[in-house]
file final-v4.cif (mmCIF, C-alpha atoms)
data_data
#
loop_
_atom_site.group_PDB
_atom_site.id
_atom_site.type_symbol
_atom_site.label_atom_id
_atom_site.label_comp_id
_atom_site.auth_asym_id
_atom_site.auth_seq_id
_atom_site.Cartn_x
_atom_site.Cartn_y
_atom_site.Cartn_z
ATOM 1 C CA MET A 1 89.697 99.970 124.156
ATOM 2 C CA LEU A 2 93.434 99.560 123.687
ATOM 3 C CA GLU A 3 95.644 100.883 126.446
ATOM 4 C CA ASN A 4 97.681 102.875 123.966
ATOM 5 C CA SER A 5 94.642 104.170 122.132
ATOM 6 C CA SER A 6 94.680 107.888 121.481
ATOM 7 C CA TYR A 7 90.969 108.344 122.060
ATOM 8 C CA HIS A 8 90.526 110.162 125.362
ATOM 9 C CA SER A 9 86.993 111.272 126.001
ATOM 10 C CA HIS A 10 84.251 111.397 128.545
ATOM 11 C CA GLU A 11 82.635 108.885 126.195
ATOM 12 C CA ALA A 12 85.277 106.315 127.108
ATOM 13 C CA GLU A 13 82.979 105.076 129.859
ATOM 14 C CA ASP A 14 79.760 105.412 127.865
ATOM 15 C CA ASP A 15 77.651 102.641 126.439
ATOM 16 C CA PHE A 16 79.436 102.594 123.075
ATOM 17 C CA ILE A 17 80.195 99.073 121.915
ATOM 18 C CA PRO A 18 82.775 98.862 119.114
ATOM 19 C CA LEU A 19 81.790 96.873 116.071
ATOM 20 C CA ALA A 20 82.873 93.245 116.309
ATOM 21 C CA VAL A 21 82.510 92.725 112.556
ATOM 22 C CA MET A 22 83.477 95.335 109.999
ATOM 23 C CA PRO A 23 81.364 95.832 106.858
ATOM 24 C CA SER A 24 84.203 94.953 104.460
ATOM 25 C CA SER A 25 87.225 92.669 104.357
ATOM 26 C CA ARG A 26 89.530 95.668 103.913
ATOM 27 C CA LEU A 27 88.199 97.276 107.100
ATOM 28 C CA THR A 28 88.473 93.913 108.872
ATOM 29 C CA ASP A 29 92.137 93.758 107.841
ATOM 30 C CA THR A 30 92.627 97.328 109.067
ATOM 31 C CA MET A 31 91.221 96.428 112.481
ATOM 32 C CA LYS A 32 93.482 93.357 112.679
ATOM 33 C CA VAL A 33 96.497 95.599 112.083
ATOM 34 C CA LEU A 34 95.328 98.028 114.776
ATOM 35 C CA ASP A 35 94.848 95.144 117.204
ATOM 36 C CA SER A 36 98.161 93.409 116.557
ATOM 37 C CA ARG A 37 100.726 96.002 115.495
ATOM 38 C CA SER A 38 101.821 99.568 116.055
ATOM 39 C CA PRO A 39 101.341 101.139 112.622
ATOM 40 C CA THR A 40 102.604 104.636 111.880
ATOM 41 C CA VAL A 41 100.259 105.192 108.920
ATOM 42 C CA LEU A 42 96.545 104.440 108.774
ATOM 43 C CA ASN A 43 94.850 104.746 105.392
ATOM 44 C CA ILE A 44 91.106 104.233 105.201
ATOM 45 C CA ASP A 45 90.583 106.237 102.003
ATOM 46 C CA ALA A 46 87.179 105.481 100.439
ATOM 47 C CA LEU A 47 86.588 102.560 102.825
ATOM 48 C CA LEU A 48 83.885 103.809 105.183
ATOM 49 C CA PRO A 49 80.239 103.193 104.391
ATOM 50 C CA ALA A 50 78.578 106.441 103.316
ATOM 51 C CA LYS A 51 77.008 108.946 105.697
ATOM 52 C CA GLU A 52 75.135 107.507 108.711
ATOM 53 C CA ALA A 53 76.074 103.920 107.834
ATOM 54 C CA GLY A 54 79.722 104.779 108.486
ATOM 55 C CA GLU A 55 79.286 106.517 111.848
ATOM 56 C CA HIS A 56 79.724 103.437 114.042
ATOM 57 C CA VAL A 57 82.593 102.216 111.862
ATOM 58 C CA LEU A 58 84.517 105.492 112.183
ATOM 59 C CA LYS A 59 83.910 105.684 115.924
ATOM 60 C CA THR A 60 85.205 102.114 116.315
ATOM 61 C CA ILE A 61 88.329 102.941 114.310
ATOM 62 C CA LEU A 62 89.009 106.174 116.216
ATOM 63 C CA ARG A 63 88.867 104.285 119.497
ATOM 64 C CA LYS A 64 91.360 101.716 118.223
ATOM 65 C CA ILE A 65 93.991 104.033 116.742
ATOM 66 C CA PRO A 66 97.209 103.602 118.723
ATOM 67 C CA ARG A 67 99.544 106.459 119.579
ATOM 68 C CA SER A 68 102.035 105.061 117.055
ATOM 69 C CA VAL A 69 99.872 106.356 114.177
ATOM 70 C CA LYS A 70 101.358 109.617 112.909
ATOM 71 C CA VAL A 71 99.578 109.799 109.529
ATOM 72 C CA PHE A 72 95.831 109.235 109.165
ATOM 73 C CA SER A 73 94.097 109.414 105.805
ATOM 74 C CA LEU A 74 90.350 109.249 105.368
ATOM 75 C CA ARG A 75 90.001 110.887 101.991
ATOM 76 C CA PHE A 76 87.038 110.234 99.708
ATOM 77 C CA ASN A 77 84.701 108.982 102.411
ATOM 78 C CA HIS A 78 81.214 110.481 102.586
ATOM 79 C CA LEU A 79 81.125 111.417 106.259
ATOM 80 C CA SER A 80 77.885 112.334 108.008
ATOM 81 C CA LEU A 81 77.695 115.451 110.156
ATOM 82 C CA SER A 82 77.847 113.234 113.239
ATOM 83 C CA SER A 83 81.024 111.546 111.938
ATOM 84 C CA ILE A 84 82.590 114.927 111.212
ATOM 85 C CA GLU A 85 81.777 116.084 114.752
ATOM 86 C CA GLU A 86 83.246 112.852 116.152
ATOM 87 C CA LEU A 87 86.420 113.400 114.114
ATOM 88 C CA ILE A 88 86.718 117.010 115.322
ATOM 89 C CA SER A 89 86.275 115.894 118.929
ATOM 90 C CA TRP A 90 88.894 113.167 118.499
ATOM 91 C CA ILE A 91 91.366 115.566 116.864
ATOM 92 C CA ALA A 92 90.878 118.102 119.679
ATOM 93 C CA LYS A 93 92.126 115.479 122.150
ATOM 94 C CA ASN A 94 94.772 113.918 119.927
ATOM 95 C CA ASP A 95 98.355 114.867 120.757
ATOM 96 C CA HIS A 96 100.343 112.524 118.510
ATOM 97 C CA LEU A 97 98.946 112.642 114.968
ATOM 98 C CA GLU A 98 101.171 114.670 112.642
ATOM 99 C CA VAL A 99 99.354 114.488 109.288
ATOM 100 C CA LEU A 100 95.638 114.207 108.552
ATOM 101 C CA TYR A 101 94.154 113.893 105.058
ATOM 102 C CA VAL A 102 90.413 114.592 104.654
ATOM 103 C CA MET A 103 90.034 115.794 101.033
ATOM 104 C CA GLY A 104 86.776 114.653 99.467
ATOM 105 C CA SER A 105 85.173 113.507 102.711
ATOM 106 C CA GLY A 106 82.201 115.860 102.617
ATOM 107 C CA ILE A 107 83.589 118.311 105.145
ATOM 108 C CA GLU A 108 82.160 121.726 104.360
ATOM 109 C CA GLU A 109 84.170 124.893 104.993
ATOM 110 C CA LYS A 110 82.516 125.694 108.339
ATOM 111 C CA ASN A 111 83.410 122.284 109.742
ATOM 112 C CA ARG A 112 86.831 122.360 108.080
ATOM 113 C CA ILE A 113 87.536 125.514 110.091
ATOM 114 C CA HIS A 114 86.367 123.782 113.293
ATOM 115 C CA LEU A 115 88.637 120.860 112.439
ATOM 116 C CA GLU A 116 91.554 123.224 111.882
ATOM 117 C CA HIS A 117 90.969 124.876 115.278
ATOM 118 C CA ALA A 118 90.894 121.453 116.936
ATOM 119 C CA TRP A 119 94.070 120.484 115.052
ATOM 120 C CA LYS A 120 95.924 123.486 116.430
ATOM 121 C CA LYS A 121 95.296 122.525 120.072
ATOM 122 C CA HIS A 122 98.327 120.216 120.175
ATOM 123 C CA LEU A 123 101.863 120.041 118.827
ATOM 124 C CA VAL A 124 103.528 122.850 116.878
ATOM 125 C CA ASN A 125 104.171 124.331 113.417
ATOM 126 C CA HIS A 126 100.599 123.879 112.192
ATOM 127 C CA ARG A 127 99.843 124.284 108.507
ATOM 128 C CA THR A 128 97.440 123.093 105.840
ATOM 129 C CA ASN A 129 97.772 122.107 102.195
ATOM 130 C CA ASN A 130 95.378 121.027 99.427
ATOM 131 C CA LEU A 131 92.867 123.837 99.902
ATOM 132 C CA GLY A 132 92.969 123.301 103.653
ATOM 133 C CA TYR A 133 92.096 119.593 103.596
ATOM 134 C CA THR A 134 95.550 118.277 104.507
ATOM 135 C CA PHE A 135 96.576 119.113 108.054
ATOM 136 C CA ILE A 136 100.217 119.017 109.131
ATOM 137 C CA ARG A 137 101.898 119.614 112.483
ATOM 138 C CA ILE A 138 105.031 118.371 114.175
ATOM 139 C CA THR A 139 105.876 117.195 117.625
ATOM 140 C CA ASN A 140 107.790 119.374 120.047
ATOM 141 C CA ASP A 141 110.760 116.972 120.037
ATOM 142 C CA VAL A 142 111.045 117.174 116.226
ATOM 143 C CA MET A 143 110.843 120.950 116.419
ATOM 144 C CA ALA A 144 113.497 121.067 119.159
ATOM 145 C CA ALA A 145 115.792 118.834 117.101
ATOM 146 C CA ALA A 146 115.317 121.061 114.038
ATOM 147 C CA LEU A 147 116.112 124.190 116.055
ATOM 148 C CA LYS A 148 119.171 122.536 117.544
ATOM 149 C CA ALA A 149 120.397 121.526 114.084
ATOM 150 C CA GLU A 150 119.971 125.130 112.905
ATOM 151 C CA GLU A 151 122.108 126.362 115.804
ATOM 152 C CA GLU A 152 124.987 124.028 114.958
#

call {"tool": "encode", "arguments": {"input": "final-v4.cif", "output": "C-alpha cells"}}
result
Amino acid sequence: MLENSSYHSHEAEDDFIPLAVMPSSRLTDTMKVLDSRSPTVLNIDALLPAKEAGEHVLKTILRKIPRSVKVFSLRFNHLSLSSIEELISWIAKNDHLEVLYVMGSGIEEKNRIHLEHAWKKHLVNHRTNNLGYTFIRITNDVMAAALKAEEE
C-alpha cells in the first residue's frame, strides 16, 4: 500500500493482496497513474467489471488512491453489495475527498443514505446533487479562507 494512500482500515494488515494485473488496459493505465503521480481527479466511470467480478478491482483501487485525489468518479459501474459496503467503509475513513460521483452504479436508496452518513463524517459544508448521487464537501482550510474573504 502506498504511504500516502487514503485507505485506513483494520483491513490494512489483513490477507488482502491487491491485483497485480488489471482486467483492462484502461484500468492498468489508471493504476500506473496512481503509482507514479499525485492525481487530483480519478475517473473510473464504467470501467469496473460488473458486480462480484469488480469487487477485487475496486478494493485494489481504493487502497491505491493517494491523498492528492479530491474528485473521484465511479459512475455507471454495476457495483455489488460487497463493493458498495467497501466504498461506504472507505468513505467513512476518508478525510480528503471533496467530490464523489456514483450515479448509475447500482446503489439503492438505503445504501445511498448510508454512504451520505459516511460522507458527512469528515470535512464541512456537505451537500448532494443529482438526486443525491453526487456528494460534495469542502476542507476546513477552504471554508476558513471563504469566511475570511467574506469578512474583508

call {"tool": "residues_around", "arguments": {"input": "final-v4.cif", "residues": "A:Glu55", "least_positions_apart": "3", "cutoff": "8 Å", "atoms": "all atoms listed in the file", "output": "PyMOL selection string"}}
result
chain A and resi 51-52+58-59+79-80+82-83

call {"tool": "closest_residue", "arguments": {"input": "final-v4.cif", "among": "A:Ser36, A:Ser68, A:Asn43, A:Asn111", "to": "A:His96", "atoms": "all atoms listed in the file"}}
result
A:Ser68

call {"tool": "resolve_selection", "arguments": {"input": "final-v4.cif", "expression": "the PyMOL selection byres ((chain A and resi 38) around 12)", "output": "PyMOL selection string"}}
result
chain A and resi 2+4-5+30-37+39-42+64-70

call {"tool": "atom_distance", "arguments": {"input": "final-v4.cif", "atom1": "atom CA of A:His78", "atom2": "atom CA of A:Gly54"}}
result
8.3 Å

call {"tool": "resolve_selection", "arguments": {"input": "final-v4.cif", "expression": "the PyMOL selection byres ((chain A and resi 45) around 10)", "output": "ChimeraX atom specification"}}
result
/A:42-44,46-48,72-77,101-105

call {"tool": "atom_distance", "arguments": {"input": "final-v4.cif", "atom1": "atom CA of A:Pro49", "atom2": "atom CA of A:Arg26"}}
result
12.0 Å

call {"tool": "axis_aligned_box", "arguments": {"input": "final-v4.cif", "around": "stretch 74-81 of chain A", "padding_each_side": "8 Å", "output": "lines of an AutoDock Vina configuration file"}}
result
center_x = 84.0
center_y = 112.2
center_z = 104.9
size_x = 28.7
size_y = 22.5
size_z = 26.4

call {"tool": "build_atoms", "arguments": {"input": "final-v4.cif", "residues": "stretch 106-130 of chain A", "atoms": "N, CA, C and O atoms", "output": "mmCIF file, in the coordinates of the input"}}
result
data_model
loop_
_atom_site.group_PDB
_atom_site.id
_atom_site.type_symbol
_atom_site.label_atom_id
_atom_site.label_comp_id
_atom_site.auth_asym_id
_atom_site.auth_seq_id
_atom_site.Cartn_x
_atom_site.Cartn_y
_atom_site.Cartn_z
ATOM 1 N N GLY A 106 83.465 115.190 102.353
ATOM 2 C CA GLY A 106 82.201 115.860 102.617
ATOM 3 C C GLY A 106 82.257 116.871 103.745
ATOM 4 O O GLY A 106 81.222 117.237 104.309
ATOM 5 N N ILE A 107 83.450 117.329 104.078
ATOM 6 C CA ILE A 107 83.589 118.311 105.145
ATOM 7 C C ILE A 107 83.465 119.706 104.532
ATOM 8 O O ILE A 107 84.313 120.130 103.757
ATOM 9 N N GLU A 108 82.385 120.388 104.880
ATOM 10 C CA GLU A 108 82.160 121.726 104.360
ATOM 11 C C GLU A 108 83.080 122.717 105.070
ATOM 12 O O GLU A 108 83.621 122.435 106.130
ATOM 13 N N GLU A 109 83.221 123.895 104.502
ATOM 14 C CA GLU A 109 84.170 124.893 104.993
ATOM 15 C C GLU A 109 83.990 125.211 106.477
ATOM 16 O O GLU A 109 84.960 125.308 107.220
ATOM 17 N N LYS A 110 82.765 125.373 106.927
ATOM 18 C CA LYS A 110 82.516 125.694 108.339
ATOM 19 C C LYS A 110 83.111 124.621 109.247
ATOM 20 O O LYS A 110 83.804 124.928 110.223
ATOM 21 N N ASN A 111 82.874 123.367 108.927
ATOM 22 C CA ASN A 111 83.410 122.284 109.742
ATOM 23 C C ASN A 111 84.904 122.084 109.523
ATOM 24 O O ASN A 111 85.610 121.646 110.427
ATOM 25 N N ARG A 112 85.396 122.421 108.326
ATOM 26 C CA ARG A 112 86.831 122.360 108.080
ATOM 27 C C ARG A 112 87.549 123.348 108.992
ATOM 28 O O ARG A 112 88.601 123.035 109.562
ATOM 29 N N ILE A 113 86.955 124.509 109.188
ATOM 30 C CA ILE A 113 87.536 125.514 110.091
ATOM 31 C C ILE A 113 87.521 124.999 111.527
ATOM 32 O O ILE A 113 88.500 125.149 112.261
ATOM 33 N N HIS A 114 86.423 124.376 111.948
ATOM 34 C CA HIS A 114 86.367 123.782 113.293
ATOM 35 C C HIS A 114 87.435 122.698 113.450
ATOM 36 O O HIS A 114 88.084 122.605 114.493
ATOM 37 N N LEU A 115 87.612 121.898 112.410
ATOM 38 C CA LEU A 115 88.637 120.860 112.439
ATOM 39 C C LEU A 115 90.030 121.478 112.549
ATOM 40 O O LEU A 115 90.874 121.015 113.323
ATOM 41 N N GLU A 116 90.258 122.546 111.821
ATOM 42 C CA GLU A 116 91.554 123.224 111.882
ATOM 43 C C GLU A 116 91.811 123.796 113.279
ATOM 44 O O GLU A 116 92.933 123.702 113.790
ATOM 45 N N HIS A 117 90.807 124.366 113.903
ATOM 46 C CA HIS A 117 90.969 124.876 115.278
ATOM 47 C C HIS A 117 91.298 123.731 116.241
ATOM 48 O O HIS A 117 92.164 123.880 117.106
ATOM 49 N N ALA A 118 90.618 122.622 116.089
ATOM 50 C CA ALA A 118 90.894 121.453 116.936
ATOM 51 C C ALA A 118 92.312 120.942 116.690
ATOM 52 O O ALA A 118 93.027 120.565 117.621
ATOM 53 N N TRP A 119 92.735 120.946 115.439
ATOM 54 C CA TRP A 119 94.070 120.484 115.052
ATOM 55 C C TRP A 119 95.155 121.300 115.733
ATOM 56 O O TRP A 119 96.186 120.782 116.143
ATOM 57 N N LYS A 120 94.912 122.575 115.877
ATOM 58 C CA LYS A 120 95.924 123.486 116.430
ATOM 59 C C LYS A 120 96.044 123.426 117.947
ATOM 60 O O LYS A 120 96.895 124.087 118.525
ATOM 61 N N LYS A 121 95.243 122.615 118.612
ATOM 62 C CA LYS A 121 95.296 122.525 120.072
ATOM 63 C C LYS A 121 96.535 121.797 120.578
ATOM 64 O O LYS A 121 96.904 121.943 121.732
ATOM 65 N N HIS A 122 97.172 120.999 119.737
ATOM 66 C CA HIS A 122 98.327 120.216 120.175
ATOM 67 C C HIS A 122 99.452 120.315 119.151
ATOM 68 O O HIS A 122 99.231 120.624 117.993
ATOM 69 N N LEU A 123 100.640 120.041 119.621
ATOM 70 C CA LEU A 123 101.863 120.041 118.827
ATOM 71 C C LEU A 123 102.169 121.442 118.308
ATOM 72 O O LEU A 123 101.629 122.420 118.812
ATOM 73 N N VAL A 124 103.055 121.537 117.326
ATOM 74 C CA VAL A 124 103.528 122.850 116.878
ATOM 75 C C VAL A 124 103.634 122.905 115.359
ATOM 76 O O VAL A 124 103.497 121.893 114.680
ATOM 77 N N ASN A 125 103.930 124.094 114.841
ATOM 78 C CA ASN A 125 104.171 124.331 113.417
ATOM 79 C C ASN A 125 103.003 123.842 112.556
ATOM 80 O O ASN A 125 103.178 123.088 111.611
ATOM 81 N N HIS A 126 101.812 124.291 112.889
ATOM 82 C CA HIS A 126 100.599 123.879 112.192
ATOM 83 C C HIS A 126 100.512 124.529 110.823
ATOM 84 O O HIS A 126 100.785 125.714 110.675
ATOM 85 N N ARG A 127 100.092 123.746 109.836
ATOM 86 C CA ARG A 127 99.843 124.284 108.507
ATOM 87 C C ARG A 127 98.871 123.367 107.766
ATOM 88 O O ARG A 127 98.625 122.251 108.179
ATOM 89 N N THR A 128 98.335 123.883 106.674
ATOM 90 C CA THR A 128 97.440 123.093 105.840
ATOM 91 C C THR A 128 97.905 123.166 104.397
ATOM 92 O O THR A 128 98.586 124.115 103.999
ATOM 93 N N ASN A 129 97.526 122.169 103.636
ATOM 94 C CA ASN A 129 97.772 122.107 102.195
ATOM 95 C C ASN A 129 96.493 121.626 101.521
ATOM 96 O O ASN A 129 95.536 121.259 102.198
ATOM 97 N N ASN A 130 96.507 121.562 100.199
ATOM 98 C CA ASN A 130 95.378 121.027 99.427
ATOM 99 C C ASN A 130 94.066 121.717 99.795
ATOM 100 O O ASN A 130 93.109 121.077 100.219
#
